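Below: one structure, written as structure tokens.
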Amino acid sequence: MAAHIKDKEAFQRLNFLYQAAHCVLAQNPENTELARFYCFTQKTIAKRLVLRQDPSVKRTMCKKCCALLIPGVTVTVRQRKGSRRQRATIIRCLSCGQTKRFPNNPKHQLWVDQPEAQLENQHQPEASKTSAQKDKPDTASKVVPVIQDSAF
């Protein structure tokens with residue numbers, strides 16, 4: 001059974017804006033301003049509604065100028081040796097010059113991808129009822145009929 005997603009329409013709107021930014025840059029790579037506007041609108045809506053976006057989506061947007069990061073079009077990608085011979089991917093935005101570093105560790109796993117991050121896999125403690133609570137009738141489980149006004 002799929003979990004109910006809060007603000008499904010808002011996530012659909014964010015998805016549409018993200019896809020629109022990709023389509024604009026795919027048709028004409030010089031339309032970076034329009035793609036940036038779509039990404040800025042997406043970021044503003046997510047912030048206003050306090051919605052968390054997937055890390056893969058956040059990694060493809062510049063935090064400084066809200067440009068969509070597409071290698072070869074709006075961003076340069078380099079592989080560099082870091083400290084202790086650890087390689088890192090360095091992404092540099094061509095619009096504002098902002099850089100991001102991502103370590104190339106094959107063992108690294110994002111928190112979102114780990115099994116304990118999933119809500120279904122988390123252990124939820126059961127509220128144990130005491131003997132005093134068992135003797136009382138449970139009023140919270142009673143069904144109360146709702147009268148709907150037909151004026152709406």
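By convention in this document, the chains of the structure tokens carry letters A, B, ... by their order, each chain's residues are numbered from 1, and ligands are numbered from 1 in the order they are shown.
When the distance limit is 12 Å and only C-alpha atoms are what count, the residues near Thr76 (chain A), minus those fewer than 4 positions from it on the same chain, are A:Leu69, A:Ile70, A:Pro71, A:Gly72, A:Thr89, A:Ile90, A:Ile91, A:Arg92, A:Cys93, A:Leu94, A:Ser95, A:Gly97, A:Gln98, A:Thr99, A:Lys100.
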Store the residues of this selection in a file with all heavy atoms, as an mmCIF file, in the first residue's frame.
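Result file is out_38.cif:
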```
data_model
loop_
_atom_site.group_PDB
_atom_site.id
_atom_site.type_symbol
_atom_site.label_atom_id
_atom_site.label_comp_id
_atom_site.auth_asym_id
_atom_site.auth_seq_id
_atom_site.Cartn_x
_atom_site.Cartn_y
_atom_site.Cartn_z
ATOM 1 N N LEU A 69 21.676 23.010 -13.199
ATOM 2 C CA LEU A 69 23.047 22.589 -13.476
ATOM 3 C C LEU A 69 23.065 21.404 -14.431
ATOM 4 O O LEU A 69 22.779 20.278 -14.049
ATOM 5 C CB LEU A 69 23.749 22.226 -12.163
ATOM 6 C CG LEU A 69 23.814 23.341 -11.114
ATOM 7 C CD1 LEU A 69 24.476 22.840 -9.853
ATOM 8 C CD2 LEU A 69 24.531 24.555 -11.656
ATOM 9 N N ILE A 70 23.383 21.688 -15.678
ATOM 10 C CA ILE A 70 23.498 20.655 -16.710
ATOM 11 C C ILE A 70 24.934 20.680 -17.221
ATOM 12 O O ILE A 70 25.399 21.713 -17.713
ATOM 13 C CB ILE A 70 22.500 20.896 -17.863
ATOM 14 C CG1 ILE A 70 21.076 20.825 -17.326
ATOM 15 C CG2 ILE A 70 22.717 19.893 -18.975
ATOM 16 C CD1 ILE A 70 20.024 21.115 -18.340
ATOM 17 N N PRO A 71 25.673 19.561 -17.096
ATOM 18 C CA PRO A 71 27.073 19.536 -17.508
ATOM 19 C C PRO A 71 27.253 19.924 -18.978
ATOM 20 O O PRO A 71 26.551 19.443 -19.856
ATOM 21 C CB PRO A 71 27.497 18.081 -17.275
ATOM 22 C CG PRO A 71 26.553 17.587 -16.240
ATOM 23 C CD PRO A 71 25.261 18.301 -16.498
ATOM 24 N N GLY A 72 28.182 20.817 -19.213
ATOM 25 C CA GLY A 72 28.483 21.262 -20.561
ATOM 26 C C GLY A 72 27.635 22.436 -21.024
ATOM 27 O O GLY A 72 27.995 23.114 -21.975
ATOM 28 N N THR A 89 34.341 15.204 -6.997
ATOM 29 C CA THR A 89 33.778 15.819 -8.189
ATOM 30 C C THR A 89 33.514 17.275 -7.859
ATOM 31 O O THR A 89 32.823 17.576 -6.880
ATOM 32 C CB THR A 89 32.464 15.132 -8.593
ATOM 33 O OG1 THR A 89 32.723 13.739 -8.799
ATOM 34 C CG2 THR A 89 31.894 15.729 -9.854
ATOM 35 N N ILE A 90 34.054 18.171 -8.663
ATOM 36 C CA ILE A 90 33.867 19.600 -8.436
ATOM 37 C C ILE A 90 32.997 20.142 -9.552
ATOM 38 O O ILE A 90 33.306 20.001 -10.736
ATOM 39 C CB ILE A 90 35.210 20.342 -8.392
ATOM 40 C CG1 ILE A 90 36.061 19.785 -7.256
ATOM 41 C CG2 ILE A 90 34.992 21.832 -8.229
ATOM 42 C CD1 ILE A 90 37.436 20.339 -7.186
ATOM 43 N N ILE A 91 31.888 20.741 -9.164
ATOM 44 C CA ILE A 91 30.935 21.302 -10.110
ATOM 45 C C ILE A 91 30.968 22.818 -9.953
ATOM 46 O O ILE A 91 30.812 23.333 -8.844
ATOM 47 C CB ILE A 91 29.516 20.755 -9.833
ATOM 48 C CG1 ILE A 91 29.514 19.241 -10.022
ATOM 49 C CG2 ILE A 91 28.490 21.421 -10.726
ATOM 50 C CD1 ILE A 91 28.204 18.603 -9.653
ATOM 51 N N ARG A 92 31.162 23.539 -11.073
ATOM 52 C CA ARG A 92 31.237 24.997 -11.030
ATOM 53 C C ARG A 92 30.174 25.592 -11.946
ATOM 54 O O ARG A 92 30.138 25.305 -13.152
ATOM 55 C CB ARG A 92 32.622 25.463 -11.461
ATOM 56 C CG ARG A 92 32.772 26.954 -11.375
ATOM 57 C CD ARG A 92 34.145 27.391 -11.842
ATOM 58 N NE ARG A 92 34.218 28.817 -11.823
ATOM 59 C CZ ARG A 92 34.957 29.508 -10.969
ATOM 60 N NH1 ARG A 92 35.701 28.877 -10.097
ATOM 61 N NH2 ARG A 92 34.965 30.814 -11.018
ATOM 62 N N CYS A 93 29.313 26.417 -11.369
ATOM 63 C CA CYS A 93 28.249 27.076 -12.124
ATOM 64 C C CYS A 93 28.864 28.142 -13.023
ATOM 65 O O CYS A 93 29.689 28.942 -12.578
ATOM 66 C CB CYS A 93 27.241 27.700 -11.148
ATOM 67 S SG CYS A 93 25.895 28.575 -11.953
ATOM 68 N N LEU A 94 28.449 28.162 -14.286
ATOM 69 C CA LEU A 94 28.984 29.146 -15.227
ATOM 70 C C LEU A 94 28.333 30.510 -15.078
ATOM 71 O O LEU A 94 28.880 31.508 -15.528
ATOM 72 C CB LEU A 94 28.812 28.638 -16.659
ATOM 73 C CG LEU A 94 29.601 27.377 -17.016
ATOM 74 C CD1 LEU A 94 29.265 26.936 -18.431
ATOM 75 C CD2 LEU A 94 31.087 27.612 -16.863
ATOM 76 N N SER A 95 27.178 30.586 -14.431
ATOM 77 C CA SER A 95 26.482 31.861 -14.261
ATOM 78 C C SER A 95 27.080 32.695 -13.131
ATOM 79 O O SER A 95 27.348 33.879 -13.295
ATOM 80 C CB SER A 95 25.003 31.639 -13.971
ATOM 81 O OG SER A 95 24.394 30.944 -15.024
ATOM 82 N N GLY A 97 29.593 31.268 -10.710
ATOM 83 C CA GLY A 97 30.897 30.810 -10.253
ATOM 84 C C GLY A 97 30.866 29.991 -8.976
ATOM 85 O O GLY A 97 31.914 29.624 -8.445
ATOM 86 N N GLN A 98 29.695 29.683 -8.454
ATOM 87 C CA GLN A 98 29.562 28.877 -7.238
ATOM 88 C C GLN A 98 30.067 27.464 -7.504
ATOM 89 O O GLN A 98 29.796 26.893 -8.556
ATOM 90 C CB GLN A 98 28.089 28.833 -6.814
ATOM 91 C CG GLN A 98 27.799 28.019 -5.591
ATOM 92 C CD GLN A 98 28.180 28.725 -4.305
ATOM 93 O OE1 GLN A 98 28.444 29.913 -4.299
ATOM 94 N NE2 GLN A 98 28.188 27.987 -3.230
ATOM 95 N N THR A 99 30.822 26.900 -6.552
ATOM 96 C CA THR A 99 31.333 25.540 -6.706
ATOM 97 C C THR A 99 30.732 24.621 -5.654
ATOM 98 O O THR A 99 30.429 25.047 -4.544
ATOM 99 C CB THR A 99 32.866 25.497 -6.587
ATOM 100 O OG1 THR A 99 33.242 26.001 -5.309
ATOM 101 C CG2 THR A 99 33.532 26.303 -7.677
ATOM 102 N N LYS A 100 30.566 23.356 -6.041
ATOM 103 C CA LYS A 100 30.115 22.299 -5.139
ATOM 104 C C LYS A 100 31.118 21.173 -5.224
ATOM 105 O O LYS A 100 31.663 20.896 -6.289
ATOM 106 C CB LYS A 100 28.742 21.748 -5.574
ATOM 107 C CG LYS A 100 27.586 22.648 -5.342
ATOM 108 C CD LYS A 100 26.319 21.893 -5.721
ATOM 109 C CE LYS A 100 25.088 22.699 -5.448
ATOM 110 N NZ LYS A 100 23.870 21.926 -5.652
#
```
Quiz item: At what distance in Å, to one decimal, does CA of Glu116 (chain A) lie from CA of Lys58 (chain A)?
Solution: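 Between CA of Lys58 (chain A) and CA of Glu116 (chain A) the gap works out to 21.6 Å.
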Exercise. Identify, on the basis of only C-alpha atoms, every residue whose closest approach to Lys43 (chain A) does not exceed 12 Å; exclude the query and any residue fewer than 2 positions from it along the same chain; express the result as a PyMOL selection string.
Key: chain A and resi 10-11+13-15+17-18+36-41+45-53+57-58+61-68
Let's have the selection written as a PDB file, in the first residue's frame, with C-alpha atoms.
```pdb
ATOM      1  CA  ALA A  10       2.389  20.996  -4.601  1.00  0.00           C
ATOM      2  CA  PHE A  11       4.834  18.195  -5.441  1.00  0.00           C
ATOM      3  CA  ARG A  13       3.721  21.639  -9.395  1.00  0.00           C
ATOM      4  CA  LEU A  14       7.370  21.391  -8.311  1.00  0.00           C
ATOM      5  CA  ASN A  15       7.879  18.449 -10.664  1.00  0.00           C
ATOM      6  CA  LEU A  17       8.581  23.416 -12.943  1.00  0.00           C
ATOM      7  CA  TYR A  18      11.670  21.181 -12.791  1.00  0.00           C
ATOM      8  CA  ARG A  36      16.532  29.987 -13.745  1.00  0.00           C
ATOM      9  CA  PHE A  37      13.120  31.602 -13.217  1.00  0.00           C
ATOM     10  CA  TYR A  38      11.445  28.172 -13.166  1.00  0.00           C
ATOM     11  CA  CYS A  39      14.001  26.839 -10.662  1.00  0.00           C
ATOM     12  CA  PHE A  40      13.674  29.954  -8.480  1.00  0.00           C
ATOM     13  CA  THR A  41       9.881  29.566  -8.473  1.00  0.00           C
ATOM     14  CA  ILE A  45       7.216  27.198  -3.450  1.00  0.00           C
ATOM     15  CA  ALA A  46       9.098  24.425  -1.644  1.00  0.00           C
ATOM     16  CA  LYS A  47      10.336  26.876   0.965  1.00  0.00           C
ATOM     17  CA  ARG A  48       6.917  28.482   1.470  1.00  0.00           C
ATOM     18  CA  LEU A  49       5.156  25.135   1.904  1.00  0.00           C
ATOM     19  CA  VAL A  50       8.072  23.640   3.930  1.00  0.00           C
ATOM     20  CA  LEU A  51       8.504  20.669   1.591  1.00  0.00           C
ATOM     21  CA  ARG A  52      11.672  18.617   1.395  1.00  0.00           C
ATOM     22  CA  GLN A  53      13.022  17.956  -2.042  1.00  0.00           C
ATOM     23  CA  VAL A  57      16.922  17.409  -7.404  1.00  0.00           C
ATOM     24  CA  LYS A  58      18.760  19.745  -5.050  1.00  0.00           C
ATOM     25  CA  MET A  61      20.238  23.369  -8.883  1.00  0.00           C
ATOM     26  CA  CYS A  62      22.707  26.118  -7.962  1.00  0.00           C
ATOM     27  CA  LYS A  63      22.122  27.343  -4.414  1.00  0.00           C
ATOM     28  CA  LYS A  64      23.372  30.839  -5.209  1.00  0.00           C
ATOM     29  CA  CYS A  65      21.682  31.771  -8.503  1.00  0.00           C
ATOM     30  CA  CYS A  66      19.029  28.993  -8.834  1.00  0.00           C
ATOM     31  CA  ALA A  67      20.340  27.940 -12.250  1.00  0.00           C
ATOM     32  CA  LEU A  68      19.703  24.416 -13.456  1.00  0.00           C
TER      33      LEU A  68
END
```
